[in-house]
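Asker: Just one file: query03.txt, with compact mmCIF, C-alpha atoms.
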```
# COMPACT_ATOMS: atom_id res chain seq x y z
CA MET A 1 0.00 0.00 0.00
CA ASN A 2 1.29 3.46 -0.97
CA THR A 3 1.64 5.77 1.99
CA GLU A 4 0.57 8.81 -0.02
CA LEU A 5 -2.21 9.40 -2.51
CA SER A 6 -1.76 11.68 -5.49
CA VAL A 7 -5.01 13.64 -5.58
CA SER A 8 -6.03 16.03 -8.38
CA LEU A 9 -8.75 18.44 -7.33
CA TRP A 10 -10.70 20.84 -9.54
CA ARG A 11 -9.91 24.42 -8.53
CA GLY A 12 -11.73 27.52 -9.71
CA ALA A 13 -15.11 27.93 -11.38
CA GLN A 14 -16.26 26.71 -14.81
CA ASN A 15 -12.91 27.58 -16.41
CA GLY A 16 -10.72 26.21 -13.66
CA ARG A 17 -8.05 23.49 -13.74
CA TYR A 18 -6.94 20.43 -11.80
CA GLU A 19 -4.27 20.87 -9.12
CA THR A 20 -2.45 17.97 -7.51
CA TYR A 21 -1.99 17.40 -3.77
CA LEU A 22 -0.34 14.63 -1.77
CA VAL A 23 -2.56 13.18 0.94
CA PRO A 24 -1.62 10.48 3.47
CA GLN A 25 -3.32 7.19 2.67
CA ARG A 26 -5.24 5.54 5.51
CA ALA A 27 -7.28 2.41 6.03
CA SER A 28 -11.04 2.74 5.34
CA GLN A 29 -10.47 6.25 4.00
CA THR A 30 -13.36 7.80 2.06
CA VAL A 31 -13.08 10.25 -0.82
CA LEU A 32 -14.70 12.87 1.40
CA ASP A 33 -11.96 12.25 4.01
CA VAL A 34 -9.38 13.05 1.33
CA VAL A 35 -11.09 16.30 0.32
CA THR A 36 -11.49 17.28 3.97
CA PHE A 37 -7.78 16.58 4.62
CA VAL A 38 -6.77 18.93 1.79
CA GLN A 39 -9.00 21.70 3.13
CA ARG A 40 -7.89 21.32 6.75
CA HIS A 41 -4.17 20.73 6.26
CA ILE A 42 -3.10 22.04 2.85
CA ASP A 43 -5.43 24.73 1.45
CA PRO A 44 -8.28 26.14 3.59
CA THR A 45 -9.71 28.00 0.57
CA LEU A 46 -10.89 24.72 -1.01
CA SER A 47 -14.70 24.79 -1.40
CA TYR A 48 -16.88 21.71 -1.30
CA ARG A 49 -20.26 20.69 0.07
CA PHE A 50 -21.14 18.05 2.65
CA ALA A 51 -23.34 17.66 5.70
CA CYS A 52 -24.14 14.28 7.27
CA ARG A 53 -21.09 12.19 6.19
CA VAL A 54 -23.16 8.99 6.41
CA GLY A 55 -25.02 8.81 3.10
CA VAL A 56 -28.29 10.38 4.14
CA CYS A 57 -28.25 14.03 3.09
CA GLY A 58 -27.09 13.75 -0.54
CA SER A 59 -24.87 16.85 -0.34
CA CYS A 60 -21.41 15.52 -1.08
CA ALA A 61 -21.66 14.08 -4.61
CA MET A 62 -18.63 14.79 -6.81
CA THR A 63 -17.00 13.36 -9.91
CA VAL A 64 -14.47 10.76 -8.74
CA ASN A 65 -12.08 9.36 -11.36
CA GLY A 66 -14.60 10.25 -14.06
CA LYS A 67 -17.76 8.94 -12.41
CA PRO A 68 -20.26 10.73 -10.17
CA ARG A 69 -20.29 9.27 -6.66
CA TRP A 70 -21.42 10.08 -3.11
CA THR A 71 -18.01 10.79 -1.67
CA CYS A 72 -18.83 10.11 1.99
CA ARG A 73 -19.64 6.46 1.28
CA THR A 74 -17.05 5.87 -1.44
CA HIS A 75 -13.91 4.21 -0.17
CA VAL A 76 -10.66 5.34 -1.77
CA ALA A 77 -9.48 1.71 -1.95
CA LYS A 78 -12.50 0.86 -4.11
CA VAL A 79 -12.06 3.60 -6.73
CA ALA A 80 -8.32 4.38 -6.73
CA ALA A 81 -6.52 1.07 -6.91
CA SER A 82 -3.58 2.78 -8.68
CA GLY A 83 -3.20 5.31 -5.88
CA ARG A 84 -4.37 8.18 -8.10
CA LEU A 85 -7.53 10.12 -7.48
CA GLU A 86 -9.10 12.83 -9.63
CA ILE A 87 -11.98 14.65 -7.95
CA GLY A 88 -14.07 17.25 -9.75
CA PRO A 89 -17.45 18.92 -9.38
CA LEU A 90 -20.59 17.10 -10.58
CA ALA A 91 -21.02 17.21 -14.36
CA ASN A 92 -24.06 18.79 -16.10
CA LEU A 93 -24.36 21.54 -13.47
CA PRO A 94 -22.76 25.02 -13.29
CA VAL A 95 -19.66 25.10 -11.10
CA ILE A 96 -19.76 27.70 -8.32
CA LYS A 97 -16.22 27.14 -7.08
CA ASP A 98 -13.89 24.15 -6.81
CA LEU A 99 -16.01 21.06 -5.98
CA ALA A 100 -19.29 22.88 -5.28
CA THR A 101 -21.87 23.00 -8.06
CA ASP A 102 -25.00 25.10 -8.33
CA MET A 103 -27.85 22.60 -7.78
CA GLN A 104 -30.55 25.09 -8.76
CA PRO A 105 -31.21 23.72 -12.29
CA PHE A 106 -31.50 20.22 -10.80
CA PHE A 107 -34.17 21.24 -8.29
CA GLU A 108 -35.97 23.56 -10.71
CA LYS A 109 -36.54 20.51 -12.88
CA TRP A 110 -38.19 18.74 -9.94
CA GLN A 111 -40.65 21.64 -9.91
CA GLN A 112 -41.14 21.50 -13.69
CA ALA A 113 -41.85 17.76 -13.48
CA LYS A 114 -44.54 18.51 -10.85
CA GLY A 115 -42.54 16.72 -8.20
CA ALA A 116 -44.61 18.26 -5.41
CA PHE A 117 -47.42 16.22 -3.83
CA ALA A 118 -50.89 17.51 -4.80
CA PRO A 119 -53.17 16.67 -1.87
CA THR A 120 -56.79 15.60 -2.38
CA LYS A 121 -57.89 15.64 1.28
CA THR A 122 -57.89 18.05 4.17
CA ARG A 123 -56.73 17.53 7.74
CA ARG A 124 -60.34 16.83 8.71
CA ASP A 125 -60.51 13.75 6.45
CA ALA A 126 -59.56 10.34 7.69
CA ILE A 127 -56.00 9.17 6.98
CA ALA A 128 -55.86 7.32 3.65
CA GLN A 129 -55.65 3.54 3.91
CA ILE A 130 -53.05 2.31 1.41
CA GLU A 131 -52.80 -1.44 0.85
CA PRO A 132 -49.05 -2.27 0.86
CA ASP A 133 -49.32 -5.08 -1.69
CA THR A 134 -51.00 -3.22 -4.56
CA PRO A 135 -48.94 -2.75 -7.76
CA ALA A 136 -49.33 1.04 -7.52
CA ARG A 137 -48.02 1.12 -3.95
CA LYS A 138 -45.03 -1.03 -4.89
CA ALA A 139 -44.31 1.17 -7.94
CA ALA A 140 -44.44 4.24 -5.69
CA ASP A 141 -41.28 2.95 -4.01
CA ALA A 142 -39.29 4.11 -7.08
CA ALA A 143 -38.11 7.40 -5.58
CA ILE A 144 -38.93 7.08 -1.88
CA GLU A 145 -35.29 6.38 -0.96
CA CYS A 146 -33.91 9.10 -3.29
CA ILE A 147 -31.58 11.46 -1.41
CA ASN A 148 -31.48 14.12 -4.19
CA CYS A 149 -27.71 13.80 -4.50
CA GLY A 150 -27.63 14.57 -8.25
CA VAL A 151 -25.45 11.56 -9.15
CA CYS A 152 -27.98 10.31 -11.73
CA TYR A 153 -28.31 13.79 -13.23
CA ALA A 154 -24.52 14.10 -13.58
CA ALA A 155 -24.25 10.58 -15.03
CA CYS A 156 -26.93 11.12 -17.69
CA ASP A 157 -25.85 11.50 -21.33
CA THR A 158 -29.27 12.88 -22.29
CA VAL A 159 -28.97 15.69 -19.73
CA ARG A 160 -25.61 16.56 -21.31
CA TRP A 161 -27.09 16.67 -24.83
CA ASN A 162 -30.47 18.22 -24.09
CA ALA A 163 -30.57 21.18 -21.71
CA GLU A 164 -34.37 20.89 -21.45
CA TYR A 165 -34.35 17.26 -20.30
CA LEU A 166 -35.80 16.96 -16.81
CA GLY A 167 -33.39 14.20 -15.78
CA PRO A 168 -33.67 10.85 -13.98
CA ALA A 169 -34.28 12.12 -10.43
CA ALA A 170 -37.15 14.49 -11.26
CA LEU A 171 -38.82 11.90 -13.50
CA THR A 172 -38.47 9.12 -10.94
CA ARG A 173 -40.06 11.42 -8.37
CA ALA A 174 -42.90 12.04 -10.85
CA TRP A 175 -43.40 8.28 -11.27
CA THR A 176 -43.65 7.85 -7.51
CA LEU A 177 -46.38 10.53 -7.35
CA VAL A 178 -48.19 9.09 -10.38
CA ASN A 179 -48.59 5.92 -8.30
CA ASP A 180 -49.57 7.72 -5.10
CA GLU A 181 -53.29 7.08 -4.60
CA ARG A 182 -53.61 10.20 -2.45
CA ASP A 183 -52.24 12.55 -5.12
CA GLY A 184 -54.60 14.56 -7.32
CA GLY A 185 -52.16 16.21 -9.74
CA ASN A 186 -51.53 13.45 -12.21
CA LEU A 187 -52.92 14.91 -15.42
CA ALA A 188 -50.91 18.10 -14.93
CA ARG A 189 -47.88 15.95 -14.09
CA LEU A 190 -48.22 13.71 -17.15
CA GLN A 191 -48.72 16.82 -19.27
CA ALA A 192 -45.55 18.37 -17.80
CA ILE A 193 -43.40 15.34 -18.63
CA ALA A 194 -44.81 14.64 -22.13
CA GLY A 195 -43.01 17.52 -23.89
CA ALA A 196 -39.63 17.83 -25.58
CA GLY A 197 -37.61 17.66 -22.35
CA GLY A 198 -39.77 14.98 -20.76
CA CYS A 199 -39.54 11.25 -20.27
CA HIS A 200 -39.51 10.40 -23.99
CA ALA A 201 -36.11 12.07 -24.37
CA CYS A 202 -34.52 9.25 -22.30
CA HIS A 203 -32.31 6.87 -24.33
CA SER A 204 -32.30 4.16 -21.64
CA HIS A 205 -28.49 4.21 -21.36
CA GLN A 206 -29.00 3.25 -17.69
CA SER A 207 -26.03 5.18 -16.29
CA CYS A 208 -28.46 6.53 -13.67
CA GLN A 209 -29.35 3.12 -12.33
CA GLU A 210 -25.73 1.90 -12.57
CA LEU A 211 -24.40 4.77 -10.46
CA CYS A 212 -27.33 5.57 -8.14
CA PRO A 213 -25.84 5.23 -4.64
CA GLN A 214 -29.24 4.14 -3.31
CA ALA A 215 -29.50 1.35 -5.94
CA LEU A 216 -32.68 2.89 -7.38
CA ASN A 217 -33.65 2.30 -11.00
CA PRO A 218 -34.70 5.59 -12.64
CA THR A 219 -34.52 3.98 -16.11
CA ALA A 220 -37.35 1.61 -15.23
CA ALA A 221 -39.41 4.45 -13.73
CA ILE A 222 -38.90 6.56 -16.87
CA ALA A 223 -39.84 3.62 -19.12
CA ALA A 224 -43.05 3.25 -17.12
CA LEU A 225 -43.74 6.98 -17.49
CA LYS A 226 -43.29 6.68 -21.26
CA ARG A 227 -46.02 4.03 -21.35
CA ARG A 228 -48.32 5.92 -18.99
CA THR A 229 -48.03 9.22 -20.89
CA ALA A 230 -48.51 7.43 -24.24
CA VAL A 231 -51.77 5.90 -22.97
CA ALA A 232 -52.93 9.29 -21.62
CA TYR A 233 -52.09 10.90 -24.98
CA LEU A 234 -53.97 8.26 -26.97
CA LYS A 235 -57.00 8.70 -24.71
CA GLY A 236 -56.87 12.46 -25.33
CA GLU A 237 -56.24 13.25 -21.64
CA ILE A 238 -53.06 15.21 -22.43
CA LYS A 239 -52.05 17.29 -25.44
CA VAL A 240 -48.73 18.12 -27.06
CA MET B 241 -38.94 13.90 -28.53
CA ASN B 242 -42.40 14.48 -27.19
CA VAL B 243 -45.16 11.94 -26.57
CA ARG B 244 -46.72 12.44 -30.01
CA LEU B 245 -43.47 11.66 -31.86
CA TYR B 246 -42.85 8.77 -29.44
CA VAL B 247 -46.24 7.21 -30.23
CA TRP B 248 -45.69 7.62 -33.99
CA GLN B 249 -42.20 6.12 -33.83
CA ARG B 250 -43.30 3.14 -31.73
CA ALA B 251 -46.40 2.57 -33.90
CA THR B 252 -44.42 2.64 -37.15
CA ALA B 253 -41.84 0.29 -35.59
CA ALA B 254 -44.66 -2.12 -34.71
CA VAL B 255 -45.93 -1.94 -38.31
CA MET B 256 -42.45 -2.48 -39.76
CA ALA B 257 -41.47 -5.47 -37.61
CA PRO B 258 -43.61 -8.07 -39.47
CA LEU B 259 -43.06 -6.30 -42.81
CA VAL B 260 -39.27 -6.60 -42.43
CA VAL B 261 -39.59 -10.34 -41.78
CA VAL B 262 -41.74 -10.82 -44.90
CA HIS B 263 -39.41 -8.56 -46.94
CA ILE B 264 -36.37 -10.65 -45.97
CA ALA B 265 -38.27 -13.87 -46.69
CA VAL B 266 -39.14 -12.50 -50.15
CA ILE B 267 -35.48 -11.67 -50.83
CA PHE B 268 -34.43 -15.22 -49.84
CA TYR B 269 -37.21 -16.75 -51.92
CA ALA B 270 -36.34 -14.70 -55.01
CA THR B 271 -32.61 -15.39 -54.85
CA ARG B 272 -32.90 -19.11 -54.00
CA HIS B 273 -35.30 -19.66 -56.85
CA GLY B 274 -33.06 -17.76 -59.26
CA MET B 275 -35.86 -15.42 -60.26
CA SER B 276 -35.06 -12.89 -63.00
CA ALA B 277 -36.27 -9.29 -63.03
CA ALA B 278 -38.91 -10.29 -65.57
CA ASP B 279 -40.14 -13.12 -63.28
CA ILE B 280 -40.47 -10.69 -60.39
CA LEU B 281 -42.19 -7.99 -62.43
CA SER B 282 -44.65 -10.53 -63.80
CA ARG B 283 -45.78 -11.21 -60.25
CA THR B 284 -45.79 -7.65 -58.92
CA ARG B 285 -47.29 -5.71 -61.86
CA GLY B 286 -50.96 -5.06 -61.28
CA SER B 287 -50.80 -6.63 -57.80
CA ILE B 288 -52.76 -4.63 -55.28
CA ALA B 289 -51.34 -6.81 -52.47
CA TRP B 290 -47.69 -5.99 -53.25
CA ALA B 291 -48.57 -2.32 -53.82
CA ALA B 292 -50.24 -2.17 -50.40
CA PHE B 293 -47.44 -4.15 -48.70
CA TYR B 294 -44.57 -2.00 -49.95
CA GLY B 295 -46.62 1.21 -49.95
CA VAL B 296 -47.30 0.82 -46.23
CA PHE B 297 -43.67 -0.20 -45.68
CA VAL B 298 -42.36 2.95 -47.39
CA LEU B 299 -44.68 5.24 -45.44
CA ALA B 300 -43.77 3.60 -42.13
CA VAL B 301 -40.04 3.89 -42.92
CA SER B 302 -40.40 7.55 -43.92
CA ILE B 303 -42.12 8.48 -40.65
CA HIS B 304 -39.93 6.27 -38.44
CA ALA B 305 -36.60 7.34 -39.95
CA SER B 306 -37.41 11.04 -40.03
CA ILE B 307 -38.35 11.03 -36.32
CA GLY B 308 -35.12 9.18 -35.49
CA VAL B 309 -32.96 11.56 -37.53
CA ARG B 310 -34.81 14.51 -35.97
CA ASN B 311 -33.70 13.26 -32.54
CA ILE B 312 -30.09 12.95 -33.63
CA LEU B 313 -30.07 16.44 -35.17
CA SER B 314 -31.76 17.87 -32.10
CA GLU B 315 -29.24 16.38 -29.68
CA TRP B 316 -26.02 16.46 -31.67
CA THR B 317 -26.18 19.63 -33.77
CA PRO B 318 -26.58 23.29 -32.83
CA LEU B 319 -29.62 23.63 -35.14
CA ASN B 320 -32.70 25.18 -33.52
CA GLU B 321 -35.96 23.23 -33.23
CA ARG B 322 -37.55 24.87 -36.27
CA ARG B 323 -34.67 23.89 -38.54
CA VAL B 324 -34.52 20.42 -37.05
CA ASP B 325 -38.23 19.97 -37.79
CA ALA B 326 -37.72 21.26 -41.34
CA CYS B 327 -34.84 18.80 -41.94
CA ALA B 328 -36.91 15.91 -40.57
CA VAL B 329 -39.94 16.75 -42.73
CA PHE B 330 -37.68 17.10 -45.78
CA LEU B 331 -36.04 13.71 -45.12
CA GLY B 332 -39.44 12.08 -44.60
CA LEU B 333 -40.75 13.50 -47.88
CA VAL B 334 -37.62 12.43 -49.80
CA LEU B 335 -37.89 8.88 -48.44
CA ALA B 336 -41.62 8.74 -49.18
CA VAL B 337 -41.27 10.07 -52.74
CA LEU B 338 -38.29 7.85 -53.65
CA GLY B 339 -39.87 4.82 -52.01
CA LEU B 340 -43.32 5.24 -53.52
CA ARG B 341 -41.73 5.89 -56.93
CA ALA B 342 -39.88 2.57 -56.60
CA VAL B 343 -43.08 0.80 -55.55
CA ALA B 344 -44.93 2.33 -58.51
CA ALA B 345 -42.19 1.13 -60.87
CA VAL B 346 -42.72 -2.52 -59.90
CA VAL B 347 -46.49 -2.65 -59.36
CA LEU B 348 -47.98 -0.38 -62.05
CA PRO B 349 -48.97 -2.44 -65.08
```
Could you take the file, read its structure, and then write that structure out as structure tokens?
Answerer:
Amino acid sequence: MNTELSVSLWRGAQNGRYETYLVPQRASQTVLDVVTFVQRHIDPTLSYRFACRVGVCGSCAMTVNGKPRWTCRTHVAKVAASGRLEIGPLANLPVIKDLATDMQPFFEKWQQAKGAFAPTKTRRDAIAQIEPDTPARKAADAAIECINCGVCYAACDTVRWNAEYLGPAALTRAWTLVNDERDGGNLARLQAIAGAGGCHACHSHQSCQELCPQALNPTAAIAALKRRTAVAYLKGEIKV
Amino acid sequence: MNVRLYVWQRATAAVMAPLVVVHIAVIFYATRHGMSAADILSRTRGSIAWAAFYGVFVLAVSIHASIGVRNILSEWTPLNERRVDACAVFLGLVLAVLGLRAVAAVVLP
């Protein structure tokens, strides 16, 4: 085992460059540990984003040796067998500084995909009884464990090619709500995801499901949305 | 691609799937039986069935291919949506005209 890691970190904004640092290698070291070491011991001006450090908050995603990953749960030994590590900001998002990207476009697309729950009851109604074994309830699991980390969005070729494309996370969230019996906003939701940047733009490359740290499958959710919107279109419920 | 183009592309693909199988079978049949151009024309000229078969095939190809090329142009070139649509319509019309002309050449008596 090398005693030092050669770590290239993206410095600057959109037109920045990689700079190399030497970081002591330790057992069970995560990529986030490496970034934190650089900030605390080498260059305190390094900017990056993290919060929980245990894979819950979804704040610390970065590009690690070319692939988007949640850095707090990514062990260096797993991704840098050669002892070299290149860490950059998430792709497909504007870079604010160093390893921190502007997540605004990512979350705006959640809004555009009608990712907000549209309630059909008031607080005076009885709590909805949802049977756990129904197909709709099982399908609604698609995005429940999503931590909004942006890894799927950064991994997606279609997002890179098509600035309008809503992306895997927003569409998977939409699929969860489409299957939520309590939600009343489905026609507006299907309408919102049936346009040029909607679910039909997906090429099913499956990078999202390969790299999702929560092992979710956005590709399957998007494929289901394609079928659901096509049926709604043929019935005349939505227009293009 | 929006839902309307998606439905058209999937529908034309569904139409083409069996037509492609029959088309390939016809090619094998014609070559294995050593049929000449005159043999083939004697069977296709005046045939409403072959005219309908290849007429539908050509129209399905024209729609399917132009939607596919539209996607490629939209994602891989800096052309705006209006120009992309114009290119796709042009390609579809060229394929339809050339294809239907070829069908007419073998089925018209």
Asker: Please report as a PyMOL selection string which residues of chain A come no farther than 12 Å from chain B, using all atoms listed in the file.
Answerer: chain A and resi 157-165+190-203+223+225-234+236+238-240
Asker: Using atom CA of A:Ser6 and atom CA of A:Arg84 as the two end points, give the distance in Å to one decimal.
Answerer: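 We find that atom CA of A:Ser6 and atom CA of A:Arg84 lie 5.1 Å from each other.
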Asker: From the list B:Ala328, B:Ala344, B:Val334, B:Leu259, which residue is nearest B:Ala300 when using only C-alpha atoms?
Answerer: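 Of B:Ala328, B:Ala344, B:Val334, B:Leu259, the one nearest B:Ala300 is B:Leu259, counting only C-alpha atoms.
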Asker: Which is closer to B:Phe330 than all the others in B:Ser287, B:Ala305, B:Tyr269, B:Val343, using all atoms listed in the file?
Answerer: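 The closest residue to B:Phe330 is B:Ala305.
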Asker: Tell me which of A:Gly115, A:Thr3, A:Val31, A:Thr101 sits closest to A:Ala80, counting only C-alpha atoms.
Answerer: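 Counting only C-alpha atoms, the residue closest to A:Ala80 is A:Val31.
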Asker: Excluding B:Trp290 and any residue of its chain fewer than 3 positions from it, enumerate the residues within 12 Å of it, using all atoms listed in the file, and give them as a ChimeraX atom specification.
Answerer: /B:259,262-263,266,280-287,293-298,343-348
Asker: In Å, how far is it from atom CA of A:Asn15 to atom CA of A:Leu90?
Answerer: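 Between these atoms lies a distance of 14.2 Å.
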Asker: From the set B:Val309, B:Ile303, B:Ala291, B:Ala265, which residue has the shortest atom-to-atom contact distance to B:Ala253, counting all atoms listed in the file?
Answerer: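 Ranked by minimum distance to B:Ala253, first place goes to B:Ile303.
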